[in-house]
Amino acid sequence: MTEKKWLEGDGSASKAIAVGRVYPKPSISVSPNHVVAEGENVSIHCRIEDRNEDRKNSQMEFSLVDKGKHATCARKKTETPGVTFSILNVNTANGGIYYCEYRPPEANQWSDVSDEIYINVTDPRLEKPSIILQGEPAVGKNVTVECQGPEQDLVFSLHNSRSLTAVRMVEADGNTAYFPFQMLRLEDAGTYTCRYHSKEKPFLWSGPSKPVDLILQDQTIIWAICGAAGLLLLVLLLLLLAFLFHRRRKRGSAAEKRTQPLSGEATNTIPEAGAGDPNGAGDPDGVSYAVLNHQPWKTTQGANPDTVPESCVYASVAKDRPRKGQ
């Protein structure tokens, strides 16, 4: 049998010591949550985290203690590293502070106690508090969350996504608690609710208030986005101006080409009879001809009507030829 020696602790717990070995305190946790509504069930888990291999299959006895009542709630023996204590159909009397401890069956002293857990019971008969957000919700700014209850001398707790953030007592003769946030950071964003309890019943809580959302925006990111958007807008404006300038120049060039004479266009001069005939005899029928331009006449839109050349029509003329009937 292993020799054992038991020493008293500092008064708050006892330590079971084997030769050169101290039994470590167990861990403790609660599920589903440390805040439980009346009629629900809650479980408290106690476990030895670094159990030695030579005692792996040895039996241990665990004890769950209600600190406020100085009473043992339950005991369990097991050969596993941990146990679960269940509280069924929770009522207001089950609220309190709990811890657990363990010992080998043959020992008279208990191990060091675990950390403490709080079991809080919500009473649906209590009026829920109100919550408001005061201030500018931006990174680097200050805001205050205000929780107000139905009566004086209350204690409020502020929760972010069901995680306890802070606890405040109301001022004397007041019913409002103030939770200030200085120099807000992005991690402060979230959904907040608050609860309260009276000073006489610290484990009997109200239901949660309506949630309020603390939405934060990083001004650095906003300015960066605005700068990028402004730069993009400037680039688009420059491209538009370049397109309009190019289009205007293209229209000017086309108009200039339309006002110039076409290549191969004939002059509007009627040749003299016999011109172009080396013998000066002219056409045997005595008819003079003019060469007509078959391309359509083009004018510049919007030109001054005084400067537009008049259209000319030419006809053949018979010279020295008797008319019929003469």
# chains A, B, ... in the order shown; residues from 1 in each chain; ligands from 1
$ residues_around --residues "Leu186 in chain A" --least-positions-apart "2" --cutoff "9 Å" --atoms "only C-alpha atoms" --output "VMD selection string"
chain A and resid 138 to 139 184 188 to 189 215 to 218
$ residues_around --residues "Thr84 in chain A" --least-positions-apart "2" --cutoff "12 Å" --atoms "only C-alpha atoms" --output "number ranges by chain"
A: 27-31, 42-47, 62-64, 74-78, 80-82, 86-87, 100
$ write_last_selection --atoms "N, CA, C and O atoms" --output "compact mmCIF listing (two decimals), in the first residue's frame"
# COMPACT_ATOMS: atom_id res chain seq x y z
N SER A 27 -11.23 20.36 -12.34
CA SER A 27 -11.84 21.43 -13.12
C SER A 27 -13.36 21.34 -12.96
O SER A 27 -13.90 20.29 -12.60
N ILE A 28 -14.04 22.45 -13.22
CA ILE A 28 -15.50 22.47 -13.08
C ILE A 28 -16.08 23.31 -14.21
O ILE A 28 -15.50 24.32 -14.61
N SER A 29 -17.21 22.89 -14.73
CA SER A 29 -17.91 23.62 -15.79
C SER A 29 -19.40 23.36 -15.65
O SER A 29 -19.83 22.45 -14.93
N VAL A 30 -20.19 24.17 -16.36
CA VAL A 30 -21.64 24.06 -16.28
C VAL A 30 -22.22 24.09 -17.68
O VAL A 30 -21.70 24.75 -18.57
N SER A 31 -23.30 23.36 -17.90
CA SER A 31 -23.99 23.37 -19.18
C SER A 31 -25.50 23.23 -18.93
O SER A 31 -25.91 22.62 -17.94
N VAL A 42 -29.95 21.80 -15.41
CA VAL A 42 -28.57 22.26 -15.53
C VAL A 42 -27.65 21.14 -15.05
O VAL A 42 -28.00 20.37 -14.15
N SER A 43 -26.47 21.04 -15.67
CA SER A 43 -25.49 20.01 -15.32
C SER A 43 -24.18 20.66 -14.93
O SER A 43 -23.72 21.61 -15.58
N ILE A 44 -23.57 20.13 -13.86
CA ILE A 44 -22.27 20.61 -13.38
C ILE A 44 -21.27 19.47 -13.55
O ILE A 44 -21.49 18.36 -13.05
N HIS A 45 -20.17 19.75 -14.25
CA HIS A 45 -19.18 18.72 -14.58
C HIS A 45 -17.90 18.95 -13.77
O HIS A 45 -17.33 20.05 -13.79
N CYS A 46 -17.46 17.91 -13.09
CA CYS A 46 -16.20 17.94 -12.33
C CYS A 46 -15.27 16.89 -12.91
O CYS A 46 -15.69 15.76 -13.16
N ARG A 47 -13.99 17.27 -13.08
CA ARG A 47 -13.06 16.35 -13.75
C ARG A 47 -11.64 16.55 -13.24
O ARG A 47 -11.21 17.68 -12.97
N PHE A 62 -16.29 12.03 -5.75
CA PHE A 62 -16.44 13.46 -6.00
C PHE A 62 -17.57 14.01 -5.14
O PHE A 62 -18.57 13.32 -4.89
N SER A 63 -17.41 15.27 -4.75
CA SER A 63 -18.42 15.94 -3.94
C SER A 63 -18.73 17.31 -4.53
O SER A 63 -17.81 18.06 -4.90
N LEU A 64 -20.02 17.64 -4.64
CA LEU A 64 -20.46 18.96 -5.10
C LEU A 64 -20.94 19.74 -3.89
O LEU A 64 -21.80 19.25 -3.14
N ALA A 74 -24.26 16.73 -3.32
CA ALA A 74 -24.27 15.36 -3.83
C ALA A 74 -22.86 14.80 -3.81
O ALA A 74 -21.87 15.55 -3.83
N ARG A 75 -22.78 13.46 -3.79
CA ARG A 75 -21.50 12.76 -3.89
C ARG A 75 -21.64 11.61 -4.86
O ARG A 75 -22.70 10.98 -4.95
N LYS A 76 -20.54 11.35 -5.58
CA LYS A 76 -20.54 10.25 -6.53
C LYS A 76 -19.17 9.59 -6.53
O LYS A 76 -18.14 10.26 -6.45
N LYS A 77 -19.18 8.24 -6.63
CA LYS A 77 -17.95 7.47 -6.78
C LYS A 77 -17.85 6.97 -8.22
O LYS A 77 -18.85 6.55 -8.80
N THR A 78 -16.64 7.05 -8.76
CA THR A 78 -16.44 6.65 -10.14
C THR A 78 -15.00 6.22 -10.37
O THR A 78 -14.10 6.62 -9.62
N THR A 80 -13.84 6.69 -13.46
CA THR A 80 -13.49 7.56 -14.59
C THR A 80 -12.91 8.87 -14.06
O THR A 80 -13.07 9.19 -12.88
N PRO A 81 -12.25 9.65 -14.94
CA PRO A 81 -11.62 10.89 -14.46
C PRO A 81 -12.58 11.99 -14.06
O PRO A 81 -12.15 13.01 -13.53
N GLY A 82 -13.89 11.83 -14.31
CA GLY A 82 -14.81 12.91 -13.97
C GLY A 82 -16.23 12.42 -13.78
O GLY A 82 -16.58 11.28 -14.14
N SER A 86 -26.33 16.58 -11.94
CA SER A 86 -27.46 17.19 -12.63
C SER A 86 -28.46 17.75 -11.63
O SER A 86 -28.78 17.10 -10.62
N ILE A 87 -28.93 18.96 -11.92
CA ILE A 87 -29.99 19.59 -11.13
C ILE A 87 -31.20 19.68 -12.04
O ILE A 87 -31.19 20.43 -13.03
N CYS A 100 -16.47 21.88 -6.52
CA CYS A 100 -16.38 20.43 -6.28
C CYS A 100 -14.97 20.06 -5.82
O CYS A 100 -14.01 20.82 -5.99
$ residues_around --residues "Val145 in chain A" --least-positions-apart "4" --cutoff "12 Å" --atoms "only C-alpha atoms" --output "ChimeraX atom specification"
/A:130-137,156-160,165-166,168,176-182,191-194,211-214
$ closest_residue --among "A:Gly174, A:Pro208, A:Gly252, A:Gly68" --to "Gln152 in chain A" --atoms "only C-alpha atoms"
A:Gly174
$ closest_residue --among "A:Lys25, A:Val143, A:Gly190, A:Tyr102" --to "Asp115 in chain A" --atoms "only C-alpha atoms"
A:Lys25
$ select_by_dssp --residues "range 78-190 of chain A" --states "strand (DSSP E or B)" --output "compact mmCIF listing (two decimals) with all heavy atoms, in the first residue's frame"
# COMPACT_ATOMS: atom_id res chain seq x y z
N THR A 78 -16.64 7.05 -8.76
CA THR A 78 -16.44 6.65 -10.14
C THR A 78 -15.00 6.22 -10.37
O THR A 78 -14.10 6.62 -9.62
CB THR A 78 -16.78 7.81 -11.10
OG1 THR A 78 -16.56 7.40 -12.44
CG2 THR A 78 -15.93 9.03 -10.81
N GLY A 82 -13.89 11.83 -14.31
CA GLY A 82 -14.81 12.91 -13.97
C GLY A 82 -16.23 12.42 -13.78
O GLY A 82 -16.58 11.28 -14.14
N VAL A 83 -17.07 13.31 -13.23
CA VAL A 83 -18.48 12.99 -13.00
C VAL A 83 -19.32 14.19 -13.40
O VAL A 83 -18.82 15.31 -13.57
CB VAL A 83 -18.75 12.63 -11.52
CG1 VAL A 83 -18.04 11.36 -11.12
CG2 VAL A 83 -18.38 13.80 -10.61
N THR A 84 -20.65 13.97 -13.49
CA THR A 84 -21.60 15.02 -13.81
C THR A 84 -22.69 15.02 -12.75
O THR A 84 -23.30 13.98 -12.46
CB THR A 84 -22.23 14.82 -15.19
OG1 THR A 84 -21.20 14.90 -16.19
CG2 THR A 84 -23.28 15.88 -15.47
N PHE A 85 -22.93 16.20 -12.17
CA PHE A 85 -24.02 16.39 -11.22
C PHE A 85 -25.14 17.15 -11.93
O PHE A 85 -24.91 18.25 -12.44
CB PHE A 85 -23.55 17.17 -9.99
CG PHE A 85 -22.48 16.48 -9.20
CD1 PHE A 85 -21.14 16.82 -9.38
CD2 PHE A 85 -22.79 15.50 -8.29
CE1 PHE A 85 -20.15 16.20 -8.64
CE2 PHE A 85 -21.80 14.87 -7.54
CZ PHE A 85 -20.47 15.21 -7.72
N SER A 86 -26.33 16.58 -11.94
CA SER A 86 -27.46 17.19 -12.63
C SER A 86 -28.46 17.75 -11.63
O SER A 86 -28.78 17.10 -10.62
CB SER A 86 -28.16 16.17 -13.53
OG SER A 86 -27.28 15.72 -14.55
N ILE A 87 -28.93 18.96 -11.92
CA ILE A 87 -29.99 19.59 -11.13
C ILE A 87 -31.20 19.68 -12.04
O ILE A 87 -31.19 20.43 -13.03
CB ILE A 87 -29.58 20.97 -10.62
CG1 ILE A 87 -28.28 20.89 -9.81
CG2 ILE A 87 -30.69 21.58 -9.78
CD1 ILE A 87 -27.77 22.24 -9.33
N GLY A 96 -26.95 29.85 -6.73
CA GLY A 96 -25.89 29.97 -5.74
C GLY A 96 -24.52 29.76 -6.36
O GLY A 96 -24.34 29.72 -7.58
N ILE A 97 -23.51 29.60 -5.47
CA ILE A 97 -22.12 29.38 -5.86
C ILE A 97 -21.75 27.94 -5.53
O ILE A 97 -21.96 27.48 -4.41
CB ILE A 97 -21.18 30.36 -5.13
CG1 ILE A 97 -21.61 31.80 -5.40
CG2 ILE A 97 -19.74 30.14 -5.55
CD1 ILE A 97 -20.83 32.82 -4.59
N TYR A 98 -21.16 27.24 -6.50
CA TYR A 98 -20.84 25.83 -6.34
C TYR A 98 -19.36 25.58 -6.63
O TYR A 98 -18.75 26.30 -7.44
CB TYR A 98 -21.68 24.96 -7.28
CG TYR A 98 -23.16 24.95 -6.97
CD1 TYR A 98 -23.99 25.97 -7.46
CD2 TYR A 98 -23.73 23.93 -6.22
CE1 TYR A 98 -25.35 25.96 -7.19
CE2 TYR A 98 -25.09 23.92 -5.94
CZ TYR A 98 -25.89 24.94 -6.43
OH TYR A 98 -27.25 24.93 -6.16
N TYR A 99 -18.82 24.56 -5.97
CA TYR A 99 -17.48 24.05 -6.30
C TYR A 99 -17.48 22.55 -6.03
O TYR A 99 -18.40 22.01 -5.37
CB TYR A 99 -16.38 24.77 -5.51
CG TYR A 99 -16.42 24.55 -4.02
CD1 TYR A 99 -15.84 23.43 -3.41
CD2 TYR A 99 -17.05 25.50 -3.19
CE1 TYR A 99 -15.87 23.25 -2.04
CE2 TYR A 99 -17.09 25.32 -1.82
CZ TYR A 99 -16.49 24.19 -1.25
OH TYR A 99 -16.53 24.02 0.12
N CYS A 100 -16.47 21.88 -6.52
CA CYS A 100 -16.38 20.43 -6.28
C CYS A 100 -14.97 20.06 -5.82
O CYS A 100 -14.01 20.82 -5.99
CB CYS A 100 -16.77 19.64 -7.53
SG CYS A 100 -15.72 19.90 -8.95
N GLU A 101 -14.87 18.87 -5.25
CA GLU A 101 -13.61 18.31 -4.75
C GLU A 101 -13.69 16.80 -4.83
O GLU A 101 -14.76 16.23 -5.09
CB GLU A 101 -13.37 18.77 -3.31
CG GLU A 101 -14.51 18.43 -2.37
CD GLU A 101 -14.39 19.09 -1.00
OE1 GLU A 101 -13.39 19.79 -0.77
OE2 GLU A 101 -15.28 18.89 -0.16
N TYR A 102 -12.58 16.15 -4.64
CA TYR A 102 -12.56 14.69 -4.73
C TYR A 102 -11.54 14.12 -3.74
O TYR A 102 -10.70 14.84 -3.18
CB TYR A 102 -12.24 14.24 -6.16
CG TYR A 102 -10.81 14.50 -6.57
CD1 TYR A 102 -9.83 13.51 -6.45
CD2 TYR A 102 -10.43 15.75 -7.07
CE1 TYR A 102 -8.52 13.76 -6.81
CE2 TYR A 102 -9.14 16.00 -7.44
CZ TYR A 102 -8.17 15.00 -7.31
OH TYR A 102 -6.87 15.26 -7.66
N ARG A 103 -11.61 12.78 -3.56
CA ARG A 103 -10.66 12.07 -2.70
C ARG A 103 -10.69 10.59 -3.04
O ARG A 103 -11.70 10.09 -3.56
CB ARG A 103 -11.02 12.26 -1.23
CG ARG A 103 -12.32 11.59 -0.84
CD ARG A 103 -12.65 11.79 0.62
NE ARG A 103 -13.92 11.13 0.97
CZ ARG A 103 -14.45 11.17 2.19
NH1 ARG A 103 -13.84 11.83 3.16
NH2 ARG A 103 -15.60 10.55 2.44
N ILE A 117 -18.26 28.22 -9.63
CA ILE A 117 -19.19 28.57 -10.70
C ILE A 117 -20.46 29.15 -10.06
O ILE A 117 -20.78 28.85 -8.91
CB ILE A 117 -19.55 27.35 -11.57
CG1 ILE A 117 -20.23 26.27 -10.72
CG2 ILE A 117 -18.35 26.81 -12.31
CD1 ILE A 117 -20.90 25.19 -11.55
N TYR A 118 -21.16 29.96 -10.84
CA TYR A 118 -22.38 30.61 -10.38
C TYR A 118 -23.56 30.04 -11.14
O TYR A 118 -23.54 29.98 -12.37
CB TYR A 118 -22.31 32.12 -10.58
CG TYR A 118 -21.34 32.83 -9.67
CD1 TYR A 118 -19.96 32.68 -9.84
CD2 TYR A 118 -21.79 33.64 -8.63
CE1 TYR A 118 -19.06 33.33 -9.01
CE2 TYR A 118 -20.91 34.29 -7.79
CZ TYR A 118 -19.54 34.13 -7.98
OH TYR A 118 -18.66 34.77 -7.14
N ILE A 119 -24.58 29.64 -10.42
CA ILE A 119 -25.84 29.23 -11.03
C ILE A 119 -26.86 30.33 -10.73
O ILE A 119 -27.20 30.60 -9.58
CB ILE A 119 -26.35 27.88 -10.47
CG1 ILE A 119 -25.32 26.77 -10.73
CG2 ILE A 119 -27.69 27.52 -11.08
CD1 ILE A 119 -25.11 26.50 -12.22
N ASN A 120 -27.31 31.01 -11.82
CA ASN A 120 -28.28 32.09 -11.69
C ASN A 120 -29.60 31.64 -12.29
O ASN A 120 -29.64 31.08 -13.38
CB ASN A 120 -27.78 33.34 -12.41
CG ASN A 120 -26.47 33.84 -11.83
OD1 ASN A 120 -26.42 34.39 -10.74
ND2 ASN A 120 -25.37 33.64 -12.57
N VAL A 121 -30.67 31.90 -11.57
CA VAL A 121 -32.01 31.47 -12.00
C VAL A 121 -32.80 32.71 -12.41
O VAL A 121 -32.84 33.71 -11.68
CB VAL A 121 -32.73 30.73 -10.86
CG1 VAL A 121 -34.11 30.26 -11.33
CG2 VAL A 121 -31.88 29.55 -10.38
N THR A 122 -33.42 32.66 -13.58
CA THR A 122 -34.24 33.78 -14.05
C THR A 122 -35.69 33.56 -13.63
O THR A 122 -36.23 32.46 -13.75
CB THR A 122 -34.16 33.92 -15.58
OG1 THR A 122 -34.60 32.72 -16.20
CG2 THR A 122 -32.73 34.21 -16.01
N SER A 130 -35.04 47.91 -19.59
CA SER A 130 -34.90 48.55 -20.90
C SER A 130 -33.43 48.89 -21.12
O SER A 130 -32.65 49.03 -20.16
CB SER A 130 -35.74 49.82 -20.98
OG SER A 130 -35.31 50.77 -20.02
N ILE A 131 -33.04 49.03 -22.37
CA ILE A 131 -31.64 49.30 -22.71
C ILE A 131 -31.60 50.28 -23.87
O ILE A 131 -32.38 50.18 -24.83
CB ILE A 131 -30.89 47.99 -23.06
CG1 ILE A 131 -29.40 48.27 -23.30
CG2 ILE A 131 -31.53 47.28 -24.23
CD1 ILE A 131 -28.57 47.00 -23.45
N ILE A 132 -30.71 51.28 -23.78
CA ILE A 132 -30.51 52.23 -24.87
C ILE A 132 -29.02 52.49 -25.03
O ILE A 132 -28.22 52.26 -24.11
CB ILE A 132 -31.25 53.57 -24.62
CG1 ILE A 132 -30.79 54.21 -23.30
CG2 ILE A 132 -32.74 53.38 -24.66
CD1 ILE A 132 -31.39 55.59 -23.07
N LEU A 133 -28.65 52.97 -26.21
CA LEU A 133 -27.26 53.27 -26.54
C LEU A 133 -27.12 54.76 -26.77
O LEU A 133 -27.82 55.34 -27.60
CB LEU A 133 -26.84 52.49 -27.80
CG LEU A 133 -25.38 52.62 -28.25
CD1 LEU A 133 -24.45 52.01 -27.21
CD2 LEU A 133 -25.19 51.92 -29.60
N GLN A 134 -26.22 55.40 -26.02
CA GLN A 134 -25.99 56.84 -26.13
C GLN A 134 -24.60 57.09 -26.68
O GLN A 134 -23.63 56.47 -26.25
CB GLN A 134 -26.12 57.52 -24.76
CG GLN A 134 -27.49 57.39 -24.12
CD GLN A 134 -28.51 58.32 -24.74
OE1 GLN A 134 -28.24 59.01 -25.71
NE2 GLN A 134 -29.71 58.34 -24.17
N GLY A 135 -24.48 58.01 -27.66
CA GLY A 135 -23.18 58.35 -28.22
C GLY A 135 -23.07 57.97 -29.68
O GLY A 135 -24.01 57.45 -30.29
N VAL A 143 -19.11 55.69 -26.23
CA VAL A 143 -20.55 55.46 -26.12
C VAL A 143 -20.86 54.95 -24.71
O VAL A 143 -19.96 54.50 -23.98
CB VAL A 143 -21.08 54.45 -27.17
CG1 VAL A 143 -20.85 54.94 -28.57
CG2 VAL A 143 -20.45 53.08 -26.96
N THR A 144 -22.12 55.01 -24.34
CA THR A 144 -22.57 54.52 -23.04
C THR A 144 -23.82 53.69 -23.24
O THR A 144 -24.76 54.14 -23.92
CB THR A 144 -22.86 55.68 -22.08
OG1 THR A 144 -21.66 56.45 -21.90
CG2 THR A 144 -23.32 55.15 -20.74
N VAL A 145 -23.84 52.51 -22.65
CA VAL A 145 -25.03 51.66 -22.65
C VAL A 145 -25.76 51.89 -21.33
O VAL A 145 -25.17 51.74 -20.26
CB VAL A 145 -24.67 50.18 -22.82
CG1 VAL A 145 -25.93 49.32 -22.78
CG2 VAL A 145 -23.92 49.94 -24.13
N GLU A 146 -27.02 52.26 -21.42
CA GLU A 146 -27.82 52.55 -20.23
C GLU A 146 -28.87 51.47 -20.05
O GLU A 146 -29.62 51.15 -20.97
CB GLU A 146 -28.50 53.91 -20.36
CG GLU A 146 -27.53 55.07 -20.48
CD GLU A 146 -28.24 56.41 -20.56
OE1 GLU A 146 -29.49 56.42 -20.38
OE2 GLU A 146 -27.57 57.43 -20.82
N CYS A 147 -28.92 50.91 -18.84
CA CYS A 147 -29.92 49.89 -18.49
C CYS A 147 -30.78 50.43 -17.36
O CYS A 147 -30.26 50.89 -16.33
CB CYS A 147 -29.23 48.59 -18.07
SG CYS A 147 -28.25 47.81 -19.37
N GLN A 148 -32.08 50.33 -17.55
CA GLN A 148 -33.02 50.88 -16.56
C GLN A 148 -33.96 49.81 -16.08
O GLN A 148 -34.52 49.04 -16.87
CB GLN A 148 -33.80 52.04 -17.18
CG GLN A 148 -34.68 52.79 -16.18
CD GLN A 148 -35.38 53.96 -16.84
OE1 GLN A 148 -36.12 53.79 -17.80
NE2 GLN A 148 -35.14 55.16 -16.32
N LEU A 154 -30.87 48.21 -7.53
CA LEU A 154 -30.71 47.01 -8.33
C LEU A 154 -29.26 46.85 -8.77
O LEU A 154 -28.48 47.82 -8.78
CB LEU A 154 -31.62 47.07 -9.57
CG LEU A 154 -33.12 47.14 -9.31
CD1 LEU A 154 -33.87 47.31 -10.62
CD2 LEU A 154 -33.60 45.89 -8.57
N VAL A 155 -28.90 45.65 -9.13
CA VAL A 155 -27.58 45.34 -9.69
C VAL A 155 -27.80 44.84 -11.11
O VAL A 155 -28.57 43.90 -11.33
CB VAL A 155 -26.84 44.28 -8.85
CG1 VAL A 155 -25.49 43.95 -9.49
CG2 VAL A 155 -26.64 44.77 -7.41
N PHE A 156 -27.11 45.48 -12.08
CA PHE A 156 -27.28 45.14 -13.48
C PHE A 156 -26.04 44.42 -14.01
O PHE A 156 -24.91 44.69 -13.59
CB PHE A 156 -27.51 46.39 -14.32
CG PHE A 156 -28.89 46.99 -14.16
CD1 PHE A 156 -29.16 47.87 -13.12
CD2 PHE A 156 -29.90 46.67 -15.05
CE1 PHE A 156 -30.41 48.41 -12.97
CE2 PHE A 156 -31.17 47.21 -14.90
CZ PHE A 156 -31.42 48.09 -13.85
N SER A 157 -26.28 43.54 -14.96
CA SER A 157 -25.18 42.90 -15.70
C SER A 157 -25.40 43.14 -17.18
O SER A 157 -26.53 43.10 -17.67
CB SER A 157 -25.12 41.40 -15.41
OG SER A 157 -26.27 40.74 -15.89
N LEU A 158 -24.31 43.42 -17.88
CA LEU A 158 -24.35 43.67 -19.33
C LEU A 158 -23.73 42.47 -20.04
O LEU A 158 -22.66 41.99 -19.67
CB LEU A 158 -23.58 44.94 -19.67
CG LEU A 158 -23.59 45.35 -21.14
CD1 LEU A 158 -25.00 45.76 -21.57
CD2 LEU A 158 -22.61 46.51 -21.37
N HIS A 159 -24.43 41.98 -21.06
CA HIS A 159 -24.00 40.78 -21.78
C HIS A 159 -23.83 41.09 -23.26
O HIS A 159 -24.66 41.81 -23.85
CB HIS A 159 -25.02 39.65 -21.61
CG HIS A 159 -25.26 39.27 -20.19
ND1 HIS A 159 -24.70 38.17 -19.59
CD2 HIS A 159 -26.03 39.86 -19.23
CE1 HIS A 159 -25.08 38.08 -18.34
NE2 HIS A 159 -25.90 39.10 -18.08
N ASN A 160 -22.79 40.56 -23.84
CA ASN A 160 -22.55 40.66 -25.27
C ASN A 160 -22.64 39.26 -25.86
O ASN A 160 -21.79 38.41 -25.60
CB ASN A 160 -21.17 41.25 -25.55
CG ASN A 160 -20.90 41.41 -27.04
OD1 ASN A 160 -21.71 41.02 -27.87
ND2 ASN A 160 -19.76 41.99 -27.38
N SER A 163 -22.49 36.50 -23.36
CA SER A 163 -21.28 36.44 -22.55
C SER A 163 -21.26 37.66 -21.62
O SER A 163 -21.47 38.79 -22.06
CB SER A 163 -20.04 36.45 -23.45
OG SER A 163 -18.86 36.51 -22.68
N LEU A 164 -21.00 37.43 -20.34
CA LEU A 164 -21.01 38.51 -19.36
C LEU A 164 -19.90 39.49 -19.67
O LEU A 164 -18.74 39.12 -19.82
CB LEU A 164 -20.85 37.95 -17.96
CG LEU A 164 -20.84 38.97 -16.82
CD1 LEU A 164 -22.18 39.70 -16.75
CD2 LEU A 164 -20.53 38.30 -15.49
N THR A 165 -20.27 40.77 -19.78
CA THR A 165 -19.29 41.82 -20.08
C THR A 165 -18.93 42.63 -18.85
O THR A 165 -17.77 42.88 -18.59
CB THR A 165 -19.84 42.76 -21.17
OG1 THR A 165 -20.12 41.99 -22.35
CG2 THR A 165 -18.85 43.85 -21.51
N ALA A 166 -19.93 43.05 -18.06
CA ALA A 166 -19.67 43.88 -16.89
C ALA A 166 -20.86 43.82 -15.95
O ALA A 166 -21.97 43.43 -16.34
CB ALA A 166 -19.38 45.32 -17.29
N VAL A 167 -20.61 44.19 -14.69
CA VAL A 167 -21.66 44.25 -13.67
C VAL A 167 -21.59 45.63 -13.02
O VAL A 167 -20.51 46.12 -12.69
CB VAL A 167 -21.49 43.14 -12.62
CG1 VAL A 167 -22.54 43.29 -11.53
CG2 VAL A 167 -21.58 41.77 -13.26
N ARG A 168 -22.74 46.28 -12.87
CA ARG A 168 -22.80 47.60 -12.27
C ARG A 168 -23.96 47.68 -11.28
O ARG A 168 -25.03 47.12 -11.51
CB ARG A 168 -23.01 48.68 -13.33
CG ARG A 168 -21.82 48.89 -14.26
CD ARG A 168 -20.74 49.72 -13.61
NE ARG A 168 -19.71 50.06 -14.58
CZ ARG A 168 -18.72 49.27 -14.95
NH1 ARG A 168 -18.63 48.06 -14.44
NH2 ARG A 168 -17.81 49.67 -15.82
N MET A 169 -23.72 48.41 -10.19
CA MET A 169 -24.80 48.72 -9.25
C MET A 169 -25.32 50.12 -9.59
O MET A 169 -24.56 51.00 -10.01
CB MET A 169 -24.29 48.69 -7.81
CG MET A 169 -23.88 47.31 -7.33
SD MET A 169 -23.30 47.33 -5.61
CE MET A 169 -24.78 47.90 -4.77
N THR A 176 -31.09 53.22 -12.76
CA THR A 176 -30.39 53.11 -14.04
C THR A 176 -28.91 52.86 -13.82
O THR A 176 -28.27 53.53 -12.99
CB THR A 176 -30.58 54.38 -14.89
OG1 THR A 176 -31.98 54.63 -15.07
CG2 THR A 176 -29.92 54.24 -16.25
N ALA A 177 -28.36 51.91 -14.57
CA ALA A 177 -26.93 51.62 -14.54
C ALA A 177 -26.31 52.06 -15.86
O ALA A 177 -26.92 51.91 -16.92
CB ALA A 177 -26.68 50.14 -14.30
N TYR A 178 -25.07 52.60 -15.79
CA TYR A 178 -24.39 53.13 -16.97
C TYR A 178 -23.12 52.30 -17.22
O TYR A 178 -22.30 52.12 -16.32
CB TYR A 178 -24.02 54.59 -16.76
CG TYR A 178 -25.23 55.47 -16.47
CD1 TYR A 178 -25.64 55.71 -15.16
CD2 TYR A 178 -25.96 56.04 -17.50
CE1 TYR A 178 -26.74 56.50 -14.88
CE2 TYR A 178 -27.07 56.85 -17.24
CZ TYR A 178 -27.46 57.06 -15.93
OH TYR A 178 -28.57 57.84 -15.66
N PHE A 179 -22.99 51.83 -18.46
CA PHE A 179 -21.83 51.05 -18.87
C PHE A 179 -21.09 51.82 -19.95
O PHE A 179 -21.46 51.80 -21.13
CB PHE A 179 -22.25 49.67 -19.39
CG PHE A 179 -22.96 48.82 -18.39
CD1 PHE A 179 -24.34 48.89 -18.24
CD2 PHE A 179 -22.26 47.95 -17.57
CE1 PHE A 179 -25.00 48.10 -17.31
CE2 PHE A 179 -22.91 47.15 -16.64
CZ PHE A 179 -24.29 47.23 -16.51
N PRO A 180 -20.02 52.56 -19.57
CA PRO A 180 -19.32 53.38 -20.58
C PRO A 180 -18.30 52.55 -21.38
O PRO A 180 -17.66 51.64 -20.85
CB PRO A 180 -18.61 54.43 -19.72
CG PRO A 180 -18.37 53.74 -18.41
CD PRO A 180 -19.52 52.80 -18.21
N PHE A 181 -18.18 52.88 -22.64
CA PHE A 181 -17.16 52.31 -23.52
C PHE A 181 -16.28 53.46 -24.01
O PHE A 181 -16.75 54.35 -24.73
CB PHE A 181 -17.80 51.60 -24.72
CG PHE A 181 -18.45 50.30 -24.39
CD1 PHE A 181 -19.73 50.27 -23.83
CD2 PHE A 181 -17.82 49.09 -24.62
CE1 PHE A 181 -20.35 49.08 -23.53
CE2 PHE A 181 -18.43 47.89 -24.32
CZ PHE A 181 -19.70 47.87 -23.76
N GLY A 190 -21.17 44.32 -31.42
CA GLY A 190 -21.94 43.13 -31.07
C GLY A 190 -23.35 43.48 -30.65
O GLY A 190 -23.79 44.63 -30.74
$ closest_residue --among "A:Glu116, A:Asp173, A:Asp123, A:Glu61" --to "Phe203 in chain A" --atoms "only C-alpha atoms"
A:Asp123
$ atom_distance --atom1 "CA of Asp112 in chain A" --atom2 "CA of Pro24 in chain A"
6.6 Å
$ select_by_dssp --residues "range 31-250 of chain A" --states "helix (DSSP H, G or I)" --output "ChimeraX atom specification"
/A:53-55,92-94,186-188,219-250
$ residues_around --residues "Asn41 in chain A" --least-positions-apart "5" --cutoff "10 Å" --atoms "only C-alpha atoms" --output "ChimeraX atom specification"
/A:31-33,36,86-91
